[in-house]
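Novice: Mind having a look at this structure? Questions to follow.
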Amino acid sequence: MSLEKVKGIIIEQLGLEESMEIKRETSLMGDLEADSLDAVEIIMAIEDEFGIEIPDEAAEGFKNIGDIVDYVENNK
Amino acid sequence: MNYIKSVGIVGTGRALPDKIVTNKDLEQKVDTTDEWIRSRTGIGSRRVADENTATSDLATEAAKKALEDAGISVDEIDTIIVATVTPDMAFPSTACIVQKNLGADRAFAFDIGAACSGFVYALSVAENLIKGNMAKNALVIGAETLSKIINWEDRNTCVLFGDGAGAVVVKEVEEGYGIQGITLGSNGAKGEVLRQPAGGSRIPASIESVQNKLHFIAMDGNEVFKFAVRVMGQSSLETIKKSGLDLEDVDFFIPHQANIRIIDAAAKRLKLPKEKVYVNLHKYGNLSAASIPVALDEAVKEGKLQKGDNMVLVAFGGGLTWGSAVVKWSKEV
Ligand SMILES: CC(C)(COP(=O)(O)OP(=O)(O)OC[C@H]1O[C@@H](n2cnc3c(N)ncnc32)[C@H](O)[C@@H]1OP(=O)(O)O)[C@@H](O)C(=O)NCCC(=O)NCCS
C-alpha cells in the first residue's frame, strides 16, 4: 500500500515513465539518478502525503525505497 | 463613506555592480564545479561590488532611476524605507544615508530588517503609511552587498549570493489597481537555520569573533530549502485568496530568486506554468532583499507586464520570515 504510493510520488517528482521498475531495493540516488535536492523534495512530498515528519537524521539513513516505505509504515 | 485609497507601484529602478563573478571563477577559489552550481541552484554568475561600494551607493543609484521612471522629484518623497541585511553600518540607517545622497530633505527615513523578505515587508509598511496619511510618496528600496558578509572559502554558501539594489516608488493609484493584499509571517523559533551570528550585542565584533568566522552567513541549506518550498506556496495562496482572486487569475509570478529548484518546486505546487514565472537568478544569484525589486524592474523594462495584470510577489528568508503581495499592475506600458 505505502510502497505503491511512495513509488507514485517518486515517479511524479523525478518525472519518470509510469512503467519504470521501482522495487524495494531501488536506490534513489544510485539507480534513479536523483540528486540531493530531488531527495529532499521526495521526502517533503512523502511527508505531505502521509501527514508525518521525517527528521533529517532518519532521511540520511535511507539506503533504498524499502527503507523509506518501512519508515512510513512505522510512523504514520 | 470611508474612502480607502488604492496604493501601488508607479516607478521602478535597479543598480548592479559591473563586476561579474562566474561559476568558473569560483572553481578557482573553492572545491566546486559550474555543473554542480547550475544543477543545484540555477545560478550561472553573480555581481560583486568593489571595495569602495557600499549598500547605500547601490541603493541611491536604484532610487534615482525609480524616481525618474515615476516622474517624481526628490522634494516630493515623504519617506524612504530600505530593506537590507547588509547596511553600511548599524547607524545611521542606510535609508538616512540614501536620503543624504539624494537630498530628499523632507523625508523620514528608516531601515527594515526582515532579511530576504524585507522588500515585501517594506512594501506593506509603505502601503499602510500612505493609507494612514503619514506619507503620499514612498521610496521603497531593497539593497544588499552580501559579498561583504560571505565566507569566500565556504563552498556551501559563497556560490549562492550576489550584490545589487532595486527600488520602487509607491503612491496612490487609480481605484482598484495596485496592492490587492499582502501577507507577512515570521517564525523566530527556527531562526538559527539562517543567520549572521556576530557583530551585534550578543557577540560584538572581537578578534575571536573574526577568527571564528562568525561574521559570515551561516546556513542549514536543507532546512531552508524545505521551509522555502512550503512557505512560498502557502503564503502565495493565502494572499491570492485574501485578494479575492483564484490561482487562474494570476498573470505573473515574481518569486524571491534564491534557487531555481525552490522556485520550480513552489511553482509546481501552485500549478503555475513556466511562462508566468519570472527568473533572473542565473545572472545575479540570491540578492536577498534586493531580489524582488531587481526582478520586478527587469520584468517591467522587458515589457512583461500589462496594465491590469495580477502579479504575485513572494519571498522567504532569515528570521525566519516570509511575505507575499498581490499587485494589480497600474502603469500603462
Ligand atoms: C544550498 C543548497 C543548494 C544545497 O543543496 P544540497 O544539494 O541539498 O546540498 P547538501 O548540503 O546536502 O550538500 C550535498 C553535498 O554537496 C556539497 N556541496 C555543497 N556546496 C557545494 C558546492 N558549491 N560545490 C560542490 N559541492 C558542494 C556538500 O558539501 C555535500 O557534500 P557531502 O555530502 O560530501 O558533505 C540547498 O540546500 C539550498 O538551496 N538551500 C536553500 C538555501 C537558500 O536559499 N538560502 C537563502 C535563503 S534567503
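In the C-alpha cells, chains take the letters A, B, ... in the order shown, each chain's residues start at 1, and ligands count up from 1 in the order shown.
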Check which residues of chain B sit at most 6 Å from ligand 1 using only C-alpha atoms and all ligand atoms, and return one row each with the closest pair of atoms and their distance in Å to one decimal, ordered by chain and rising number, as a tab-separated table.

Specialist:
```
residue	atom	partner	partner_atom_place_in_ligand_line	distance
B:Thr32	CA	ligand 1	24 (N)	3.6
B:Thr33	CA	ligand 1	24 (N)	5.8
B:Trp36	CA	ligand 1	24 (N)	5.6
B:Ile37	CA	ligand 1	23 (N)	5.8
B:Arg40	CA	ligand 1	3 (C)	5.2
B:Thr41	CA	ligand 1	3 (C)	5.5
B:Cys116	CA	ligand 1	48 (S)	5.1
B:Arg155	CA	ligand 1	23 (N)	4.3
B:Asn156	CA	ligand 1	20 (N)	3.8
B:Val159	CA	ligand 1	23 (N)	5.6
B:Gly221	CA	ligand 1	37 (O)	3.4
B:Asn222	CA	ligand 1	37 (O)	4.1
B:Val224	CA	ligand 1	41 (C)	4.8
B:Phe225	CA	ligand 1	41 (C)	4.1
B:Ala258	CA	ligand 1	44 (O)	4.6
B:Asn259	CA	ligand 1	39 (O)	5.4
B:Ser288	CA	ligand 1	48 (S)	5.9
B:Phe316	CA	ligand 1	48 (S)	6.0
B:Gly317	CA	ligand 1	48 (S)	4.0
```

Novice: Generate a file of the selected residues that holds C-alpha atoms, formatted as a tab-separated table (two decimals), in the first residue's frame.

Specialist:
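Written output follows (result-v3.tsv):
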```tsv
chain	number	residue	atom	x	y	z
B	32	THR	CA	33.13	23.31	-6.71
B	33	THR	CA	32.08	23.00	-10.34
B	36	TRP	CA	27.16	21.46	-9.53
B	37	ILE	CA	26.18	25.08	-9.03
B	40	ARG	CA	21.61	22.56	-7.69
B	41	THR	CA	20.79	26.27	-7.85
B	116	CYS	CA	15.29	38.24	2.14
B	155	ARG	CA	31.50	26.45	-0.94
B	156	ASN	CA	28.18	25.78	0.82
B	159	VAL	CA	28.13	30.22	-4.62
B	221	GLY	CA	20.66	24.66	3.45
B	222	ASN	CA	18.30	21.69	3.56
B	224	VAL	CA	15.92	26.46	4.47
B	225	PHE	CA	15.05	24.62	1.26
B	258	ALA	CA	17.27	32.11	-4.18
B	259	ASN	CA	17.39	28.82	-6.03
B	288	SER	CA	18.27	38.88	-0.55
B	316	PHE	CA	11.20	33.98	2.35
B	317	GLY	CA	14.34	34.43	4.37
```

Novice: With 8 Å as the limit and counting only C-alpha atoms, what residues in chain A lie close to chain B? Please list them as a list of chain:residue names.

Specialist: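 Result, ordered by chain then number: A:Leu37, A:Val40, A:Glu41, A:Met44.
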
Novice: Can you tell me which residues surround segment 180-196 of chain B at a distance of at most 7 Å, considering only C-alpha atoms, apart from same-chain residues fewer than 2 positions away, and format the answer as an NGL selection string?

Specialist: :B and (121 or 124 or 178 or 198 or 214-220 or 223-224 or 235 or 239 or 242-243 or 318-328)

Novice: If you keep N, CA, C and O atoms, can you produce a file of those selected residues as a tab-separated table (two decimals), in the first residue's frame?

Specialist:
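Result file follows (selection04.tsv):
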```
chain	number	residue	atom	x	y	z
B	121	TYR	N	8.01	43.20	3.22
B	121	TYR	CA	7.69	43.88	4.48
B	121	TYR	C	7.66	45.39	4.27
B	121	TYR	O	6.74	46.09	4.72
B	124	SER	N	4.67	46.65	2.44
B	124	SER	CA	3.49	46.68	3.30
B	124	SER	C	3.50	47.90	4.22
B	124	SER	O	2.47	48.56	4.42
B	178	GLY	N	-3.17	48.49	-8.10
B	178	GLY	CA	-2.14	48.48	-7.05
B	178	GLY	C	-2.24	47.27	-6.14
B	178	GLY	O	-2.71	46.20	-6.55
B	198	ALA	N	27.60	36.98	14.53
B	198	ALA	CA	28.27	38.02	15.32
B	198	ALA	C	28.11	39.41	14.72
B	198	ALA	O	27.62	39.58	13.61
B	214	LEU	N	32.58	34.25	12.58
B	214	LEU	CA	31.19	34.42	12.99
B	214	LEU	C	30.50	35.62	12.34
B	214	LEU	O	29.34	35.89	12.61
B	215	HIS	N	31.24	36.34	11.50
B	215	HIS	CA	30.61	37.49	10.83
B	215	HIS	C	30.10	37.12	9.44
B	215	HIS	O	29.66	37.97	8.69
B	216	PHE	N	30.18	35.84	9.12
B	216	PHE	CA	29.72	35.39	7.80
B	216	PHE	C	28.34	34.74	7.91
B	216	PHE	O	27.91	34.32	8.99
B	217	ILE	N	27.68	34.63	6.75
B	217	ILE	CA	26.38	33.95	6.70
B	217	ILE	C	26.56	32.48	7.07
B	217	ILE	O	27.42	31.80	6.52
B	218	ALA	N	25.74	32.02	8.02
B	218	ALA	CA	25.73	30.61	8.41
B	218	ALA	C	24.35	30.05	8.09
B	218	ALA	O	23.34	30.69	8.36
B	219	MET	N	24.33	28.86	7.51
B	219	MET	CA	23.04	28.37	6.99
B	219	MET	C	22.94	26.85	7.01
B	219	MET	O	23.91	26.16	6.74
B	220	ASP	N	21.76	26.36	7.34
B	220	ASP	CA	21.44	24.95	7.16
B	220	ASP	C	20.61	24.85	5.88
B	220	ASP	O	19.39	25.06	5.90
B	223	GLU	N	17.28	22.64	5.54
B	223	GLU	CA	16.15	23.16	6.33
B	223	GLU	C	15.54	24.37	5.63
B	223	GLU	O	14.32	24.51	5.55
B	224	VAL	N	16.42	25.26	5.15
B	224	VAL	CA	15.92	26.46	4.47
B	224	VAL	C	15.17	26.05	3.21
B	224	VAL	O	14.10	26.59	2.91
B	235	SER	N	1.99	30.90	1.42
B	235	SER	CA	1.81	32.34	1.55
B	235	SER	C	1.17	32.93	0.29
B	235	SER	O	0.26	33.76	0.39
B	239	THR	N	-2.48	34.95	0.13
B	239	THR	CA	-2.64	36.33	-0.35
B	239	THR	C	-3.54	36.40	-1.58
B	239	THR	O	-4.33	37.34	-1.73
B	242	LYS	N	-7.02	36.13	-0.17
B	242	LYS	CA	-7.32	37.39	0.52
B	242	LYS	C	-7.65	38.51	-0.46
B	242	LYS	O	-8.42	39.41	-0.17
B	243	SER	N	-7.03	38.45	-1.64
B	243	SER	CA	-7.24	39.48	-2.65
B	243	SER	C	-8.48	39.21	-3.49
B	243	SER	O	-8.75	39.92	-4.46
B	318	GLY	N	15.77	34.77	6.23
B	318	GLY	CA	16.22	34.67	7.61
B	318	GLY	C	15.22	35.28	8.57
B	318	GLY	O	14.53	36.25	8.26
B	319	GLY	N	15.16	34.70	9.73
B	319	GLY	CA	14.22	35.19	10.76
B	319	GLY	C	13.67	34.10	11.65
B	319	GLY	O	13.89	34.11	12.83
B	320	LEU	N	13.01	33.13	11.03
B	320	LEU	CA	12.61	33.07	9.62
B	320	LEU	C	11.47	34.05	9.35
B	320	LEU	O	10.66	34.31	10.24
B	321	THR	N	11.42	34.52	8.13
B	321	THR	CA	10.37	35.44	7.73
B	321	THR	C	9.85	35.04	6.35
B	321	THR	O	10.54	34.36	5.60
B	322	TRP	N	8.65	35.47	6.05
B	322	TRP	CA	8.14	35.31	4.69
B	322	TRP	C	7.09	36.37	4.43
B	322	TRP	O	6.60	37.02	5.37
B	323	GLY	N	6.76	36.55	3.17
B	323	GLY	CA	5.74	37.53	2.84
B	323	GLY	C	5.38	37.44	1.38
B	323	GLY	O	6.19	37.02	0.55
B	324	SER	N	4.12	37.78	1.06
B	324	SER	CA	3.72	37.80	-0.34
B	324	SER	C	2.74	38.94	-0.56
B	324	SER	O	2.04	39.37	0.35
B	325	ALA	N	2.74	39.43	-1.78
B	325	ALA	CA	1.86	40.54	-2.15
B	325	ALA	C	1.21	40.23	-3.49
B	325	ALA	O	1.85	39.63	-4.36
B	326	VAL	N	-0.04	40.62	-3.63
B	326	VAL	CA	-0.69	40.60	-4.94
B	326	VAL	C	-0.84	42.04	-5.38
B	326	VAL	O	-1.38	42.86	-4.66
B	327	VAL	N	-0.30	42.34	-6.56
B	327	VAL	CA	-0.34	43.71	-7.08
B	327	VAL	C	-0.98	43.69	-8.46
B	327	VAL	O	-0.55	42.93	-9.34
B	328	LYS	N	-2.00	44.51	-8.63
B	328	LYS	CA	-2.61	44.67	-9.96
B	328	LYS	C	-1.87	45.82	-10.62
B	328	LYS	O	-1.94	46.97	-10.16
```

Novice: My list of candidates is A:Leu3, A:Ile54, A:Leu32, A:Ile68. Which is closest to Leu16 of chain A when distances are computed with only C-alpha atoms?

Specialist: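 Selected residue with least distance to Leu16 of chain A: A:Leu32.
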
Novice: Report the residues of chain A whose backbone DSSP state falls under alpha helix (DSSP H), written as a compact mmCIF listing (two decimals) with N, CA, C and O atoms, in the first residue's frame.

Specialist:
```
# COMPACT_ATOMS: atom_id res chain seq x y z
N SER A 2 1.68 1.40 1.07
CA SER A 2 2.60 2.54 1.13
C SER A 2 3.60 2.49 -0.03
O SER A 2 3.94 3.52 -0.60
N LEU A 3 4.04 1.25 -0.37
CA LEU A 3 5.02 1.12 -1.45
C LEU A 3 4.48 1.74 -2.74
O LEU A 3 5.17 2.48 -3.43
N GLU A 4 3.22 1.43 -3.06
CA GLU A 4 2.63 1.95 -4.28
C GLU A 4 2.59 3.48 -4.26
O GLU A 4 2.90 4.15 -5.24
N LYS A 5 2.16 4.03 -3.11
CA LYS A 5 2.08 5.49 -3.00
C LYS A 5 3.45 6.14 -3.12
O LYS A 5 3.62 7.15 -3.79
N VAL A 6 4.42 5.55 -2.43
CA VAL A 6 5.79 6.10 -2.46
C VAL A 6 6.33 6.04 -3.89
O VAL A 6 6.92 7.00 -4.39
N LYS A 7 6.09 4.91 -4.56
CA LYS A 7 6.50 4.78 -5.97
C LYS A 7 5.90 5.90 -6.81
O LYS A 7 6.58 6.53 -7.61
N GLY A 8 4.61 6.12 -6.61
CA GLY A 8 3.89 7.15 -7.37
C GLY A 8 4.54 8.52 -7.16
O GLY A 8 4.73 9.28 -8.12
N ILE A 9 4.86 8.82 -5.91
CA ILE A 9 5.47 10.11 -5.58
C ILE A 9 6.83 10.25 -6.28
O ILE A 9 7.15 11.29 -6.84
N ILE A 10 7.61 9.18 -6.26
CA ILE A 10 8.94 9.23 -6.85
C ILE A 10 8.85 9.43 -8.37
O ILE A 10 9.55 10.26 -8.96
N ILE A 11 7.94 8.69 -8.99
CA ILE A 11 7.75 8.80 -10.44
C ILE A 11 7.36 10.23 -10.80
O ILE A 11 7.90 10.84 -11.72
N GLU A 12 6.43 10.77 -10.02
CA GLU A 12 5.94 12.12 -10.25
C GLU A 12 7.06 13.16 -10.05
O GLU A 12 7.30 14.02 -10.89
N GLN A 13 7.77 13.04 -8.92
CA GLN A 13 8.80 14.04 -8.61
C GLN A 13 9.97 14.01 -9.59
O GLN A 13 10.52 15.05 -9.92
N LEU A 14 10.34 12.82 -10.02
CA LEU A 14 11.50 12.73 -10.91
C LEU A 14 11.10 12.75 -12.38
O LEU A 14 11.95 12.70 -13.26
N LEU A 28 17.42 5.65 -4.70
CA LEU A 28 17.06 6.92 -5.35
C LEU A 28 18.23 7.53 -6.09
O LEU A 28 18.15 7.86 -7.27
N MET A 29 19.33 7.71 -5.35
CA MET A 29 20.46 8.40 -5.95
C MET A 29 21.32 7.47 -6.80
O MET A 29 21.86 7.89 -7.81
N GLY A 30 21.39 6.20 -6.40
CA GLY A 30 22.20 5.24 -7.14
C GLY A 30 21.55 4.83 -8.44
O GLY A 30 22.15 4.95 -9.51
N ASP A 31 20.30 4.33 -8.36
CA ASP A 31 19.65 3.76 -9.55
C ASP A 31 18.84 4.79 -10.34
O ASP A 31 18.74 4.70 -11.55
N SER A 36 20.70 15.33 -4.45
CA SER A 36 20.29 15.51 -3.05
C SER A 36 19.03 16.37 -2.90
O SER A 36 18.22 16.16 -2.01
N LEU A 37 18.85 17.32 -3.82
CA LEU A 37 17.64 18.15 -3.70
C LEU A 37 16.40 17.41 -4.19
O LEU A 37 15.31 17.61 -3.65
N ASP A 38 16.56 16.53 -5.19
CA ASP A 38 15.44 15.66 -5.58
C ASP A 38 15.02 14.84 -4.37
O ASP A 38 13.82 14.67 -4.10
N ALA A 39 16.02 14.33 -3.65
CA ALA A 39 15.71 13.50 -2.48
C ALA A 39 14.95 14.31 -1.43
O ALA A 39 13.96 13.84 -0.87
N VAL A 40 15.38 15.55 -1.21
CA VAL A 40 14.69 16.42 -0.24
C VAL A 40 13.23 16.62 -0.68
O VAL A 40 12.30 16.53 0.12
N GLU A 41 13.04 16.87 -1.98
CA GLU A 41 11.68 17.09 -2.47
C GLU A 41 10.81 15.84 -2.34
O GLU A 41 9.62 15.94 -2.04
N ILE A 42 11.40 14.68 -2.57
CA ILE A 42 10.64 13.43 -2.44
C ILE A 42 10.25 13.23 -0.98
O ILE A 42 9.10 12.90 -0.68
N ILE A 43 11.19 13.48 -0.07
CA ILE A 43 10.87 13.36 1.35
C ILE A 43 9.73 14.31 1.73
O ILE A 43 8.79 13.95 2.43
N MET A 44 9.81 15.54 1.21
CA MET A 44 8.75 16.51 1.50
C MET A 44 7.39 16.04 1.00
O MET A 44 6.38 16.18 1.69
N ALA A 45 7.38 15.51 -0.22
CA ALA A 45 6.12 15.05 -0.81
C ALA A 45 5.57 13.87 0.00
O ALA A 45 4.35 13.77 0.21
N ILE A 46 6.46 13.02 0.51
CA ILE A 46 6.02 11.89 1.33
C ILE A 46 5.47 12.40 2.66
O ILE A 46 4.43 11.95 3.14
N GLU A 47 6.15 13.38 3.24
CA GLU A 47 5.66 13.98 4.49
C GLU A 47 4.25 14.53 4.30
O GLU A 47 3.37 14.33 5.13
N ASP A 48 4.05 15.25 3.19
CA ASP A 48 2.74 15.85 2.93
C ASP A 48 1.69 14.76 2.71
O ASP A 48 0.58 14.84 3.23
N GLU A 49 2.05 13.74 1.92
CA GLU A 49 1.10 12.69 1.58
C GLU A 49 0.63 11.92 2.82
O GLU A 49 -0.55 11.64 2.99
N PHE A 50 1.59 11.56 3.70
CA PHE A 50 1.24 10.72 4.85
C PHE A 50 1.03 11.51 6.14
O PHE A 50 0.73 10.93 7.19
N ASP A 56 15.80 14.90 9.45
CA ASP A 56 16.98 14.73 8.58
C ASP A 56 17.79 13.48 8.93
O ASP A 56 18.25 12.77 8.04
N GLU A 57 17.94 13.24 10.23
CA GLU A 57 18.77 12.09 10.65
C GLU A 57 18.18 10.79 10.11
O GLU A 57 18.93 9.90 9.67
N ALA A 58 16.84 10.69 10.13
CA ALA A 58 16.21 9.49 9.60
C ALA A 58 16.41 9.43 8.09
O ALA A 58 16.81 8.39 7.53
N ALA A 59 16.16 10.57 7.43
CA ALA A 59 16.26 10.61 5.97
C ALA A 59 17.67 10.24 5.50
O ALA A 59 17.84 9.55 4.49
N GLU A 60 18.66 10.70 6.24
CA GLU A 60 20.04 10.41 5.85
C GLU A 60 20.36 8.92 5.93
O GLU A 60 21.28 8.43 5.26
N GLY A 61 19.59 8.17 6.76
CA GLY A 61 19.84 6.75 6.91
C GLY A 61 19.20 5.89 5.82
O GLY A 61 19.51 4.70 5.71
N ILE A 65 14.42 2.41 -1.42
CA ILE A 65 12.99 2.71 -1.32
C ILE A 65 12.37 1.92 -0.16
O ILE A 65 11.49 2.41 0.54
N GLY A 66 12.86 0.69 0.04
CA GLY A 66 12.33 -0.14 1.12
C GLY A 66 12.46 0.54 2.47
O GLY A 66 11.54 0.50 3.30
N ASP A 67 13.61 1.19 2.71
CA ASP A 67 13.81 1.89 3.98
C ASP A 67 12.77 3.01 4.16
O ASP A 67 12.26 3.22 5.26
N ILE A 68 12.49 3.71 3.07
CA ILE A 68 11.52 4.81 3.14
C ILE A 68 10.15 4.23 3.50
O ILE A 68 9.47 4.71 4.42
N VAL A 69 9.75 3.17 2.77
CA VAL A 69 8.43 2.56 2.99
C VAL A 69 8.31 2.05 4.43
O VAL A 69 7.30 2.27 5.09
N ASP A 70 9.37 1.41 4.93
CA ASP A 70 9.32 0.91 6.31
C ASP A 70 9.17 2.06 7.30
O ASP A 70 8.39 1.97 8.25
N TYR A 71 9.88 3.15 7.06
CA TYR A 71 9.78 4.30 7.96
C TYR A 71 8.34 4.82 7.98
O TYR A 71 7.77 5.09 9.03
N VAL A 72 7.78 4.96 6.78
CA VAL A 72 6.41 5.46 6.66
C VAL A 72 5.45 4.53 7.41
O VAL A 72 4.63 4.96 8.21
N GLU A 73 5.59 3.20 7.16
CA GLU A 73 4.72 2.21 7.81
C GLU A 73 4.79 2.32 9.34
O GLU A 73 3.78 2.22 10.04
N ASN A 74 6.00 2.52 9.86
CA ASN A 74 6.19 2.55 11.31
C ASN A 74 5.80 3.87 11.95
O ASN A 74 5.69 3.94 13.18
N ASN A 75 5.64 4.92 11.16
CA ASN A 75 5.42 6.24 11.75
C ASN A 75 4.12 6.92 11.37
O ASN A 75 3.82 7.99 11.86
```

Novice: Give the answer as one residue: which of B:Ala138, B:Cys158, B:Ala59, B:Ala267 has the shortest atom-to-atom distance to Lys29 of chain B, using only C-alpha atoms?

Specialist: B:Cys158

Novice: Enumerate the residues of segment 6-113 of chain B with a DSSP assignment of strand (DSSP E), computed from the backbone, and present them as a count of residues only.

Specialist: 25

Novice: Rounded to one decimal in Å, what is the spacing between atom CA of Leu160 of chain B and atom CA of Ile141 of chain B?

Specialist: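 That distance, rounded to one decimal, is 21.4 Å.
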
Novice: Can you tell me, as a PyMOL selection string, what residues are no more than 6 Å from segment 289-293 of chain B when counting only C-alpha atoms, ignoring any on the same chain fewer than 4 positions away?

Specialist: chain B and resi 83-84+116+118-119+142-143+165-167+256-257

Novice: Give me a file of those residues, with N, CA, C and O atoms, as a compact mmCIF listing (two decimals), in the first residue's frame.

Specialist:
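This went into selection19.txt:
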```txt
# COMPACT_ATOMS: atom_id res chain seq x y z
N ALA B 83 15.18 48.06 2.91
CA ALA B 83 15.24 46.71 3.45
C ALA B 83 16.62 46.15 3.14
O ALA B 83 17.03 46.13 1.97
N THR B 84 17.35 45.73 4.16
CA THR B 84 18.70 45.21 3.94
C THR B 84 19.19 44.41 5.14
O THR B 84 18.75 44.66 6.27
N CYS B 116 15.70 38.33 3.54
CA CYS B 116 15.29 38.24 2.14
C CYS B 116 13.83 38.63 1.92
O CYS B 116 13.42 38.92 0.81
N GLY B 118 12.55 41.22 3.26
CA GLY B 118 12.49 42.63 3.62
C GLY B 118 11.74 43.52 2.66
O GLY B 118 11.02 44.43 3.08
N PHE B 119 11.87 43.26 1.36
CA PHE B 119 11.19 44.15 0.40
C PHE B 119 9.67 44.06 0.55
O PHE B 119 8.98 45.07 0.51
N GLY B 142 15.15 47.74 -1.80
CA GLY B 142 15.83 46.54 -1.29
C GLY B 142 17.26 46.60 -1.80
O GLY B 142 17.47 46.71 -3.00
N ALA B 143 18.23 46.58 -0.90
CA ALA B 143 19.62 46.77 -1.35
C ALA B 143 20.55 45.90 -0.51
O ALA B 143 20.41 45.82 0.70
N ALA B 165 20.75 46.25 -6.02
CA ALA B 165 19.69 47.02 -5.38
C ALA B 165 18.55 47.25 -6.34
O ALA B 165 18.76 47.41 -7.55
N GLY B 166 17.34 47.26 -5.79
CA GLY B 166 16.15 47.58 -6.58
C GLY B 166 15.31 48.55 -5.79
O GLY B 166 15.25 48.48 -4.56
N ALA B 167 14.68 49.50 -6.49
CA ALA B 167 13.88 50.50 -5.80
C ALA B 167 12.54 50.67 -6.51
O ALA B 167 12.44 50.47 -7.72
N HIS B 256 11.09 35.25 -4.84
CA HIS B 256 12.43 35.54 -4.37
C HIS B 256 13.40 34.62 -5.11
O HIS B 256 13.18 33.42 -5.20
N GLN B 257 14.47 35.21 -5.66
CA GLN B 257 15.38 34.46 -6.52
C GLN B 257 16.52 33.86 -5.68
O GLN B 257 17.62 34.41 -5.63
```

Novice: I want to know what sits within 12 Å of Lys304 of chain B, based on only C-alpha atoms, with residues of the same chain fewer than 5 positions away left out; could you give that as a list in words?

Specialist: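 Listed by chain and then number, they are Asp251, Phe252, Phe253, Ile254, Glu275, Lys276, Val277, Tyr278, Ala295, Leu296, Asp297, Glu298, Ala299, Asp309, Asn310, Met311, Trp329 and Val333 of chain B.
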
Novice: Which residue out of A:Lys76, A:Glu33, A:Met1, A:Ser27 has the minimum interatomic distance to Phe62 of chain A when only C-alpha atoms are used?

Specialist: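 Using only C-alpha atoms, Phe62 of chain A sits closest to A:Ser27.
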
Novice: Ranking B:Thr79, B:Ser73, B:Ser209, B:Thr12 by minimum distance to Ala126 of chain B and counting only C-alpha atoms, which one comes first?

Specialist: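 Ranking B:Thr79, B:Ser73, B:Ser209, B:Thr12 by distance to Ala126 of chain B, first place goes to B:Thr79.
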
Novice: Please provide the set of residues having any atom within 12 Å of Gly164 of chain B, restricted to only C-alpha atoms, with same-chain residues fewer than 6 positions apart removed, written as an MDAnalysis selection string.

Specialist: chainID B and resid 13:20 46:50 53:62 84 86 141:147 281 283:295

Novice: Leaving out Phe110 of chain B and any residue of its chain fewer than 4 positions from it, which residues lie within 12 Å of it when counting only C-alpha atoms, given as a list in words?

Specialist: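 The filter keeps Asp78, Thr79, Ile80, Ile81, Val82, Ala83, Thr84, Pro87, Ala90, Phe91, Pro92, Ser93, Thr94, Ala95, Cys96, Ile97, Val98, Gln99, Ala122, Val125, Ala126, Ala138, Leu139, Val140 and Ile141 of chain B.
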
Novice: Could you write out the selected residues, including N, CA and C atoms, as a tab-separated table (two decimals), in the first residue's frame?

Specialist:
```
chain	number	residue	atom	x	y	z
B	78	ASP	N	8.18	61.54	0.76
B	78	ASP	CA	7.83	61.71	2.17
B	78	ASP	C	8.53	60.71	3.07
B	79	THR	N	8.84	59.53	2.52
B	79	THR	CA	9.52	58.54	3.35
B	79	THR	C	10.43	57.66	2.50
B	80	ILE	N	11.53	57.24	3.10
B	80	ILE	CA	12.47	56.32	2.43
B	80	ILE	C	12.62	55.11	3.33
B	81	ILE	N	12.31	53.94	2.78
B	81	ILE	CA	12.43	52.71	3.56
B	81	ILE	C	13.41	51.79	2.84
B	82	VAL	N	14.45	51.39	3.54
B	82	VAL	CA	15.43	50.48	2.94
B	82	VAL	C	15.37	49.13	3.66
B	83	ALA	N	15.18	48.06	2.91
B	83	ALA	CA	15.24	46.71	3.45
B	83	ALA	C	16.62	46.15	3.14
B	84	THR	N	17.35	45.73	4.16
B	84	THR	CA	18.70	45.21	3.94
B	84	THR	C	19.19	44.41	5.14
B	87	PRO	N	23.54	46.65	5.90
B	87	PRO	CA	23.56	48.12	5.96
B	87	PRO	C	25.01	48.61	5.92
B	90	ALA	N	25.61	50.07	11.51
B	90	ALA	CA	24.40	49.90	12.31
B	90	ALA	C	23.58	51.19	12.31
B	91	PHE	N	24.21	52.31	12.52
B	91	PHE	CA	23.56	53.60	12.36
B	91	PHE	C	24.60	54.65	12.02
B	92	PRO	N	24.22	55.69	11.27
B	92	PRO	CA	22.90	55.97	10.70
B	92	PRO	C	22.40	54.82	9.83
B	93	SER	N	21.08	54.76	9.71
B	93	SER	CA	20.48	53.74	8.86
B	93	SER	C	20.90	53.98	7.41
B	94	THR	N	20.86	52.92	6.62
B	94	THR	CA	21.17	53.06	5.19
B	94	THR	C	20.17	54.00	4.53
B	95	ALA	N	18.92	53.99	5.01
B	95	ALA	CA	17.90	54.89	4.45
B	95	ALA	C	18.28	56.35	4.67
B	96	CYS	N	18.85	56.67	5.84
B	96	CYS	CA	19.27	58.05	6.10
B	96	CYS	C	20.45	58.44	5.20
B	97	ILE	N	21.31	57.48	4.91
B	97	ILE	CA	22.44	57.77	4.02
B	97	ILE	C	21.92	58.01	2.60
B	98	VAL	N	20.94	57.22	2.19
B	98	VAL	CA	20.32	57.43	0.87
B	98	VAL	C	19.65	58.80	0.83
B	99	GLN	N	18.99	59.16	1.92
B	99	GLN	CA	18.35	60.48	1.99
B	99	GLN	C	19.37	61.59	1.74
B	122	ALA	N	8.68	45.91	3.60
B	122	ALA	CA	8.79	47.36	3.40
B	122	ALA	C	7.63	47.88	2.54
B	125	VAL	N	4.66	48.21	4.77
B	125	VAL	CA	4.77	49.40	5.63
B	125	VAL	C	4.45	50.66	4.83
B	126	ALA	N	5.01	50.75	3.62
B	126	ALA	CA	4.76	51.93	2.78
B	126	ALA	C	3.28	52.05	2.46
B	138	ALA	N	6.25	57.26	-1.27
B	138	ALA	CA	7.25	56.48	-0.53
B	138	ALA	C	8.26	55.88	-1.49
B	139	LEU	N	9.52	55.92	-1.07
B	139	LEU	CA	10.59	55.28	-1.82
B	139	LEU	C	10.93	54.00	-1.07
B	140	VAL	N	10.70	52.86	-1.70
B	140	VAL	CA	10.95	51.56	-1.05
B	140	VAL	C	12.10	50.87	-1.78
B	141	ILE	N	13.13	50.55	-1.03
B	141	ILE	CA	14.36	50.03	-1.65
B	141	ILE	C	14.78	48.72	-0.99
```

Novice: Atom CA of Gly103 of chain B and atom CA of Leu67 of chain B are how many Å apart?

Specialist: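 Between atom CA of Gly103 of chain B and atom CA of Leu67 of chain B the gap is 12.9 Å.
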
Novice: Could you jot down the atom CA of Ser201 of chain B to atom CA of Lys213 of chain B separation for me, Å, one decimal place?

Specialist: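 We find that atom CA of Ser201 of chain B and atom CA of Lys213 of chain B lie 16.5 Å from each other.
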